[in-house]
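Student: So I've got this file, run.cif, and it contains mmCIF, C-alpha atoms:
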data_input
loop_
_atom_site.group_PDB
_atom_site.id
_atom_site.type_symbol
_atom_site.label_atom_id
_atom_site.label_comp_id
_atom_site.auth_asym_id
_atom_site.auth_seq_id
_atom_site.Cartn_x
_atom_site.Cartn_y
_atom_site.Cartn_z
ATOM 1 C CA MET A 79 -46.052 -57.296 87.803
ATOM 2 C CA THR A 80 -45.160 -53.951 89.337
ATOM 3 C CA VAL A 81 -42.945 -51.467 87.589
ATOM 4 C CA ARG A 82 -40.261 -52.070 90.223
ATOM 5 C CA ARG A 83 -40.273 -55.854 89.621
ATOM 6 C CA LEU A 84 -40.285 -55.344 85.858
ATOM 7 C CA GLY A 85 -37.266 -53.065 86.183
ATOM 8 C CA LEU A 86 -35.499 -55.611 88.385
ATOM 9 C CA ALA A 87 -36.312 -58.439 85.955
ATOM 10 C CA LEU A 88 -34.975 -56.418 83.021
ATOM 11 C CA SER A 89 -31.810 -55.570 84.972
ATOM 12 C CA VAL A 90 -31.211 -59.237 85.817
ATOM 13 C CA PHE A 91 -31.855 -60.232 82.190
ATOM 14 C CA TRP A 92 -29.427 -57.539 80.947
ATOM 15 C CA CYS A 93 -26.707 -58.623 83.398
ATOM 16 C CA ALA A 94 -27.159 -62.274 82.400
ATOM 17 C CA ALA A 95 -26.870 -61.339 78.733
ATOM 18 C CA VAL A 96 -23.683 -59.350 79.368
ATOM 19 C CA VAL A 97 -22.107 -62.184 81.366
ATOM 20 C CA ALA A 98 -23.105 -64.776 78.731
ATOM 21 C CA GLY A 99 -21.727 -62.558 75.962
ATOM 22 C CA SER A 100 -18.475 -62.032 77.851
ATOM 23 C CA ALA A 101 -18.071 -65.751 78.457
ATOM 24 C CA GLY A 102 -18.652 -66.482 74.773
ATOM 25 C CA ALA A 103 -16.163 -63.813 73.734
ATOM 26 C CA GLN A 104 -13.537 -65.162 76.133
ATOM 27 C CA GLY A 105 -13.968 -68.677 74.725
ATOM 28 C CA ALA A 106 -13.109 -67.493 71.207
ATOM 29 C CA GLU A 107 -9.375 -67.432 70.701
ATOM 30 C CA PRO A 108 -8.015 -64.134 69.353
ATOM 31 C CA ILE A 109 -6.186 -64.466 66.047
ATOM 32 C CA ASP A 110 -2.689 -63.042 66.499
ATOM 33 C CA HIS A 111 -0.998 -64.651 63.464
ATOM 34 C CA TRP A 112 -1.985 -66.409 60.223
ATOM 35 C CA ASN A 113 -4.313 -69.292 61.005
ATOM 36 C CA THR A 114 -5.462 -71.294 57.966
ATOM 37 C CA ASN A 115 -8.380 -72.859 59.861
ATOM 38 C CA ALA A 116 -9.654 -69.476 61.083
ATOM 39 C CA VAL A 117 -9.487 -67.966 57.582
ATOM 40 C CA MET A 118 -11.224 -70.998 56.061
ATOM 41 C CA ALA A 119 -13.957 -70.823 58.728
ATOM 42 C CA ALA A 120 -14.496 -67.113 58.003
ATOM 43 C CA LEU A 121 -14.788 -67.831 54.279
ATOM 44 C CA GLN A 122 -17.319 -70.601 54.948
ATOM 45 C CA VAL A 123 -19.478 -68.305 57.089
ATOM 46 C CA LEU A 124 -19.382 -65.744 54.253
ATOM 47 C CA ARG A 125 -20.711 -68.426 51.858
ATOM 48 C CA ALA A 126 -17.555 -68.624 49.749
ATOM 49 C CA SER A 127 -17.238 -71.749 47.622
ATOM 50 C CA ASP A 128 -14.398 -73.837 46.177
ATOM 51 C CA ILE A 129 -12.312 -73.065 49.281
ATOM 52 C CA GLN A 130 -8.847 -74.639 49.007
ATOM 53 C CA ALA A 131 -5.781 -74.339 51.217
ATOM 54 C CA VAL A 132 -2.697 -74.047 48.999
ATOM 55 C CA THR A 133 0.917 -72.938 49.166
ATOM 56 C CA SER A 134 2.054 -69.869 47.229
ATOM 57 C CA GLN A 135 5.729 -68.937 47.081
ATOM 58 C CA GLY A 136 6.391 -71.172 50.094
ATOM 59 C CA ARG A 137 3.680 -69.546 52.212
ATOM 60 C CA ALA A 138 0.192 -70.590 53.235
ATOM 61 C CA ALA A 139 -2.666 -69.321 51.103
ATOM 62 C CA ILE A 140 -6.330 -70.000 50.482
ATOM 63 C CA THR A 141 -8.217 -69.651 47.219
ATOM 64 C CA ALA A 142 -11.996 -69.438 46.934
ATOM 65 C CA ARG A 143 -14.913 -67.953 45.038
ATOM 66 C CA THR A 144 -16.985 -65.245 46.688
ATOM 67 C CA ARG A 145 -20.768 -65.460 46.891
ATOM 68 C CA ASP A 146 -20.722 -63.106 43.864
ATOM 69 C CA GLU A 147 -18.602 -65.623 41.894
ATOM 70 C CA LEU A 148 -15.367 -63.603 42.073
ATOM 71 C CA ASN A 149 -12.049 -65.405 42.571
ATOM 72 C CA VAL A 150 -10.289 -64.432 45.781
ATOM 73 C CA GLY A 151 -6.852 -65.342 47.077
ATOM 74 C CA VAL A 152 -5.963 -64.917 50.749
ATOM 75 C CA TYR A 153 -2.230 -65.031 51.491
ATOM 76 C CA ALA A 154 -0.109 -65.227 54.641
ATOM 77 C CA LYS A 155 2.222 -62.193 54.778
ATOM 78 C CA ALA A 156 4.977 -60.730 56.953
ATOM 79 C CA CYS A 157 6.259 -64.171 57.918
ATOM 80 C CA ASP A 158 9.141 -64.768 60.310
ATOM 81 C CA PRO A 159 11.944 -66.992 58.984
ATOM 82 C CA ALA A 160 11.447 -70.634 59.954
ATOM 83 C CA PRO A 161 13.612 -73.730 59.591
ATOM 84 C CA PRO A 162 12.638 -76.278 56.916
ATOM 85 C CA GLY A 163 9.588 -78.320 57.892
ATOM 86 C CA VAL A 164 8.330 -75.745 60.396
ATOM 87 C CA ASP A 165 5.423 -73.446 59.549
ATOM 88 C CA PRO A 166 6.495 -69.814 59.855
ATOM 89 C CA ILE A 167 4.616 -67.372 62.070
ATOM 90 C CA CYS A 168 2.992 -64.824 59.746
ATOM 91 C CA HIS A 169 1.822 -61.496 61.164
ATOM 92 C CA GLY A 170 -0.380 -60.369 58.292
ATOM 93 C CA MET A 171 -2.834 -61.428 55.639
ATOM 94 C CA GLU A 172 -3.397 -60.020 52.164
ATOM 95 C CA SER A 173 -6.620 -60.686 50.278
ATOM 96 C CA LEU A 174 -6.722 -60.170 46.505
ATOM 97 C CA ILE A 175 -9.467 -60.096 43.900
ATOM 98 C CA SER A 176 -8.419 -59.642 40.259
ATOM 99 C CA PHE A 177 -10.481 -58.126 37.451
ATOM 100 C CA ASP A 178 -9.832 -58.224 33.703
ATOM 101 C CA PRO A 179 -11.165 -54.971 32.268
ATOM 102 C CA GLY A 180 -10.386 -56.014 28.674
ATOM 103 C CA PRO A 181 -7.441 -55.409 26.337
ATOM 104 C CA ARG A 182 -8.299 -51.825 25.342
ATOM 105 C CA ALA A 183 -9.065 -50.501 28.800
ATOM 106 C CA ASP A 184 -6.982 -47.736 30.369
ATOM 107 C CA ARG A 185 -6.026 -49.908 33.351
ATOM 108 C CA LYS A 186 -4.016 -47.218 35.123
ATOM 109 C CA GLY A 187 -6.858 -44.730 34.754
ATOM 110 C CA LEU A 188 -9.377 -47.330 35.948
ATOM 111 C CA ALA A 189 -7.235 -48.245 38.956
ATOM 112 C CA ASP A 190 -6.919 -44.552 39.879
ATOM 113 C CA ARG A 191 -10.680 -44.028 39.522
ATOM 114 C CA LEU A 192 -11.466 -47.144 41.581
ATOM 115 C CA ASN A 193 -9.015 -46.059 44.312
ATOM 116 C CA HIS A 194 -10.957 -42.795 44.642
ATOM 117 C CA GLN A 195 -14.363 -44.461 44.379
ATOM 118 C CA PHE A 196 -13.681 -47.322 46.828
ATOM 119 C CA ALA A 197 -11.151 -46.289 49.472
ATOM 120 C CA LEU A 198 -11.525 -49.527 51.454
ATOM 121 C CA GLY A 199 -8.828 -51.364 49.495
ATOM 122 C CA LYS A 200 -6.007 -50.612 47.096
ATOM 123 C CA PHE A 201 -6.448 -51.098 43.348
ATOM 124 C CA LEU A 202 -3.321 -51.897 41.341
ATOM 125 C CA ASP A 203 -2.671 -51.973 37.600
ATOM 126 C CA GLU A 204 -0.878 -55.304 37.185
ATOM 127 C CA PRO A 205 1.587 -56.255 34.420
ATOM 128 C CA ASP A 206 -0.565 -59.271 33.469
ATOM 129 C CA GLY A 207 -3.333 -56.933 32.232
ATOM 130 C CA THR A 208 -5.576 -57.176 35.279
ATOM 131 C CA ILE A 209 -6.604 -54.732 37.936
ATOM 132 C CA ARG A 210 -6.122 -56.161 41.393
ATOM 133 C CA LEU A 211 -8.021 -55.190 44.544
ATOM 134 C CA SER A 212 -5.862 -55.697 47.639
ATOM 135 C CA ARG A 213 -6.757 -55.509 51.329
ATOM 136 C CA TYR A 214 -4.255 -56.125 54.122
ATOM 137 C CA VAL A 215 -4.928 -57.191 57.716
ATOM 138 C CA VAL A 216 -2.287 -56.981 60.454
ATOM 139 C CA PHE A 217 -2.664 -59.583 63.213
ATOM 140 C CA ASP A 218 -0.363 -57.845 65.740
ATOM 141 C CA GLY A 219 -2.499 -57.115 68.787
ATOM 142 C CA ALA A 220 -4.915 -59.836 67.583
ATOM 143 C CA VAL A 221 -8.278 -59.705 65.851
ATOM 144 C CA SER A 222 -11.438 -61.594 66.688
ATOM 145 C CA SER A 223 -12.985 -64.106 64.325
ATOM 146 C CA GLY A 224 -15.840 -61.628 63.879
ATOM 147 C CA ASN A 225 -13.411 -58.896 62.861
ATOM 148 C CA LEU A 226 -11.687 -61.256 60.411
ATOM 149 C CA ARG A 227 -15.076 -62.034 58.821
ATOM 150 C CA ALA A 228 -15.890 -58.309 58.664
ATOM 151 C CA GLU A 229 -12.586 -57.580 56.899
ATOM 152 C CA LEU A 230 -13.225 -60.287 54.299
ATOM 153 C CA ASP A 231 -16.895 -59.338 53.928
ATOM 154 C CA SER A 232 -15.912 -55.709 53.256
ATOM 155 C CA LEU A 233 -13.466 -56.859 50.585
ATOM 156 C CA PHE A 234 -16.165 -59.023 48.984
ATOM 157 C CA ALA A 235 -18.603 -56.079 48.968
ATOM 158 C CA VAL A 236 -16.085 -53.761 47.299
ATOM 159 C CA GLY A 237 -15.246 -56.549 44.848
ATOM 160 C CA ALA A 238 -18.918 -56.901 43.896
ATOM 161 C CA MET A 239 -19.285 -53.119 43.465
ATOM 162 C CA THR A 240 -16.101 -53.044 41.388
ATOM 163 C CA ALA A 241 -17.427 -55.796 39.128
ATOM 164 C CA GLN A 242 -20.644 -53.803 38.641
ATOM 165 C CA THR A 243 -18.582 -50.710 37.806
ATOM 166 C CA LEU A 244 -16.374 -52.538 35.292
ATOM 167 C CA TRP A 245 -19.078 -54.740 33.774
ATOM 168 C CA PRO A 246 -22.457 -53.030 34.187
ATOM 169 C CA GLU A 247 -25.481 -55.128 33.362
ATOM 170 C CA PRO A 248 -26.862 -54.374 29.905
ATOM 171 C CA VAL A 249 -29.948 -52.192 29.867
ATOM 172 C CA ARG A 250 -32.977 -54.350 29.172
ATOM 173 C CA LYS A 251 -35.587 -53.041 26.785
ATOM 174 C CA SER A 252 -39.192 -53.636 27.689
#
Take the structure I supplied and represent it as structure tokens, if you would.
Tutor:
Amino acid sequence: MTVRRLGLALSVFWCAAVVAGSAGAQGAEPIDHWNTNAVMAALQVLRASDIQAVTSQGRAAITARTRDELNVGVYAKACDPAPPGVDPICHGMESLISFDPGPRADRKGLADRLNHQFALGKFLDEPDGTIRLSRYVVFDGAVSSGNLRAELDSLFAVGAMTAQTLWPEPVRKS
């Protein structure tokens, strides 16, 4: 094969790949409001377990366990008012992972330290004695299913690092 034909073959292959990728991207519906099925699908791809659709304070929510065995709650937020029996349109999603640092821990100090260490989410000192990691996604303008997975995956990664920070593995003696 001559260099010219090789170049032409590579160009045709590249164009075909771009067209196929564009067609696949167009087939995927953008997520422009809370969609329980889309969130559940993202959690499944991320290997979450015990995934359950629930209702929390009258709004849709999903609970699950991350691949690192952390409990996560994903909640519909910024919902428009809706008549009884009609699902509201919700423009945002909040994902939460809670940590119990123990009764003697300086929770406010820990939350401040974690906020500086992991800027990807917001850590809150909660009245129930936990520290909560929160991440918010706004659906206005739409997100792709890939972006939704990336948002959740980032939260899971920070959750795992937070757990390692709060509960480091004991040093093993040889």
Student: How would you write, as a ChimeraX atom specification, the residues chosen by the PyMOL selection byres ((chain A and resi 142) around 10) on this structure?
Tutor: /A:118,121-122,126-131,140-141,143-145,147-152
Student: Starting from the displayed file, determine the output of the PyMOL selection byres ((chain A and resi 174) around 9) and express the residue list as JSON, numbers by chain.
Tutor: {"A": [149, 150, 151, 152, 153, 172, 173, 175, 176, 210, 211, 212, 213, 214, 233]}
Student: Give the centre and edge lengths of an axis-aligned box, in Å to one decimal, that holds all listed atoms of segment 177-187 of chain A with 4 Å on each side, as JSON.
Tutor:
{"center_x": -7.6, "center_y": -51.5, "center_z": 31.4, "size_x": 15.1, "size_y": 21.5, "size_z": 20.1}
Student: Please, what distance in Å, to one decimal, runs between atom CA of Phe201 of chain A and atom CA of Arg125 of chain A?
Tutor: 24.0 Å
Student: As a check of understanding, name the residues that the PyMOL selection byres ((chain A and resi 198) around 8) selects in the supplied structure, as number ranges by chain.
Tutor: A: 196-197, 199-200, 213, 232-233, 236
Student: How many Å separate atom CA of Val215 of chain A from atom CA of Thr240 of chain A?
Tutor: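 Answer for the atom CA of Val215 of chain A to atom CA of Thr240 of chain A separation: 20.2 Å.
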Student: So, with only C-alpha atoms as the atoms that count, which of A:Leu124, A:Ala119, A:Val221, A:Ile209 lies closest to Ala241 of chain A?
Tutor: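 Looking at the shortest contact to Ala241 of chain A, the residue is A:Ile209.
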Student: Distance cut-off 10 Å, centre (-3.7, -53.1, 33.8) in file coordinates, counting only C-alpha atoms: which residues qualify? Return them as a ChimeraX atom specification.
Tutor: /A:177-189,202-210
Student: So the first atom is atom CA of Trp112 of chain A and the second is atom CA of Cys168 of chain A; what is the distance between them in Å, to one decimal place?
Tutor: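 Atom-to-atom, atom CA of Trp112 of chain A to atom CA of Cys168 of chain A, that is 5.2 Å.
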Student: Which residue is closest to Val123 of chain A? Choose from A:Pro161, A:His111, A:Gln135, A:Gly224 and count only C-alpha atoms.
Tutor: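 Checking each of A:Pro161, A:His111, A:Gln135, A:Gly224 against Val123 of chain A, counting only C-alpha atoms, the winner is A:Gly224.
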Student: Applying 8 Å and only C-alpha atoms, which residues near segment 218-220 of chain A remain after dropping the ones on its own chain fewer than 6 positions away? List them as a list in words.
Tutor: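 The residues satisfying every condition are Pro108, Ile109, Asp110, His111, His169 and Gly170 of chain A.
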Student: Nearest to Gly163 of chain A among A:Phe217, A:Gly136, A:Leu226, A:Gln195, with distances taken over all atoms listed in the file: which residue is it?
Tutor: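 Closest to Gly163 of chain A of all the choices is A:Gly136.
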Student: Restricted to N, CA, C and O atoms, what does segment 215-231 of chain A look like when written out as an mmCIF file, in the first residue's frame?
Tutor:
data_model
loop_
_atom_site.group_PDB
_atom_site.id
_atom_site.type_symbol
_atom_site.label_atom_id
_atom_site.label_comp_id
_atom_site.auth_asym_id
_atom_site.auth_seq_id
_atom_site.Cartn_x
_atom_site.Cartn_y
_atom_site.Cartn_z
ATOM 1 N N VAL A 215 -25.548 18.921 41.264
ATOM 2 C CA VAL A 215 -25.515 18.996 39.807
ATOM 3 C C VAL A 215 -26.745 19.760 39.354
ATOM 4 O O VAL A 215 -27.861 19.467 39.793
ATOM 5 N N VAL A 216 -26.556 20.745 38.476
ATOM 6 C CA VAL A 216 -27.653 21.507 37.897
ATOM 7 C C VAL A 216 -27.909 20.958 36.495
ATOM 8 O O VAL A 216 -26.987 20.823 35.697
ATOM 9 N N PHE A 217 -29.164 20.623 36.209
ATOM 10 C CA PHE A 217 -29.522 20.044 34.916
ATOM 11 C C PHE A 217 -29.883 21.094 33.866
ATOM 12 O O PHE A 217 -30.068 20.749 32.699
ATOM 13 N N ASP A 218 -30.026 22.363 34.239
ATOM 14 C CA ASP A 218 -30.349 23.399 33.256
ATOM 15 C C ASP A 218 -29.273 23.401 32.179
ATOM 16 O O ASP A 218 -28.082 23.395 32.475
ATOM 17 N N GLY A 219 -29.678 23.398 30.935
ATOM 18 C CA GLY A 219 -28.728 23.311 29.829
ATOM 19 C C GLY A 219 -28.384 21.875 29.484
ATOM 20 O O GLY A 219 -27.723 21.616 28.501
ATOM 21 N N ALA A 220 -28.793 20.933 30.316
ATOM 22 C CA ALA A 220 -28.664 19.489 30.101
ATOM 23 C C ALA A 220 -27.241 18.984 30.330
ATOM 24 O O ALA A 220 -26.270 19.705 30.163
ATOM 25 N N VAL A 221 -27.169 17.733 30.751
ATOM 26 C CA VAL A 221 -25.911 17.012 30.883
ATOM 27 C C VAL A 221 -26.069 15.687 30.147
ATOM 28 O O VAL A 221 -27.180 15.192 29.969
ATOM 29 N N SER A 222 -24.969 15.131 29.726
ATOM 30 C CA SER A 222 -25.025 13.820 29.072
ATOM 31 C C SER A 222 -25.011 12.738 30.144
ATOM 32 O O SER A 222 -24.666 12.990 31.304
ATOM 33 N N SER A 223 -25.354 11.527 29.749
ATOM 34 C CA SER A 223 -25.290 10.422 30.706
ATOM 35 C C SER A 223 -23.846 10.191 31.141
ATOM 36 O O SER A 223 -23.587 9.850 32.297
ATOM 37 N N GLY A 224 -22.898 10.414 30.244
ATOM 38 C CA GLY A 224 -21.487 10.295 30.597
ATOM 39 C C GLY A 224 -21.062 11.325 31.634
ATOM 40 O O GLY A 224 -20.310 11.024 32.559
ATOM 41 N N ASN A 225 -21.576 12.557 31.488
ATOM 42 C CA ASN A 225 -21.249 13.590 32.464
ATOM 43 C C ASN A 225 -21.884 13.279 33.815
ATOM 44 O O ASN A 225 -21.258 13.486 34.855
ATOM 45 N N LEU A 226 -23.102 12.756 33.812
ATOM 46 C CA LEU A 226 -23.760 12.372 35.062
ATOM 47 C C LEU A 226 -22.941 11.301 35.777
ATOM 48 O O LEU A 226 -22.696 11.376 36.983
ATOM 49 N N ARG A 227 -22.482 10.293 35.027
ATOM 50 C CA ARG A 227 -21.624 9.251 35.619
ATOM 51 C C ARG A 227 -20.336 9.855 36.169
ATOM 52 O O ARG A 227 -19.881 9.484 37.258
ATOM 53 N N ALA A 228 -19.736 10.779 35.432
ATOM 54 C CA ALA A 228 -18.487 11.409 35.888
ATOM 55 C C ALA A 228 -18.704 12.187 37.184
ATOM 56 O O ALA A 228 -17.854 12.151 38.082
ATOM 57 N N GLU A 229 -19.832 12.879 37.294
ATOM 58 C CA GLU A 229 -20.138 13.620 38.523
ATOM 59 C C GLU A 229 -20.252 12.666 39.709
ATOM 60 O O GLU A 229 -19.685 12.903 40.773
ATOM 61 N N LEU A 230 -20.991 11.578 39.523
ATOM 62 C CA LEU A 230 -21.158 10.602 40.609
ATOM 63 C C LEU A 230 -19.843 9.885 40.914
ATOM 64 O O LEU A 230 -19.500 9.659 42.076
ATOM 65 N N ASP A 231 -19.089 9.542 39.878
ATOM 66 C CA ASP A 231 -17.814 8.858 40.075
ATOM 67 C C ASP A 231 -16.842 9.744 40.852
ATOM 68 O O ASP A 231 -16.109 9.261 41.721
#
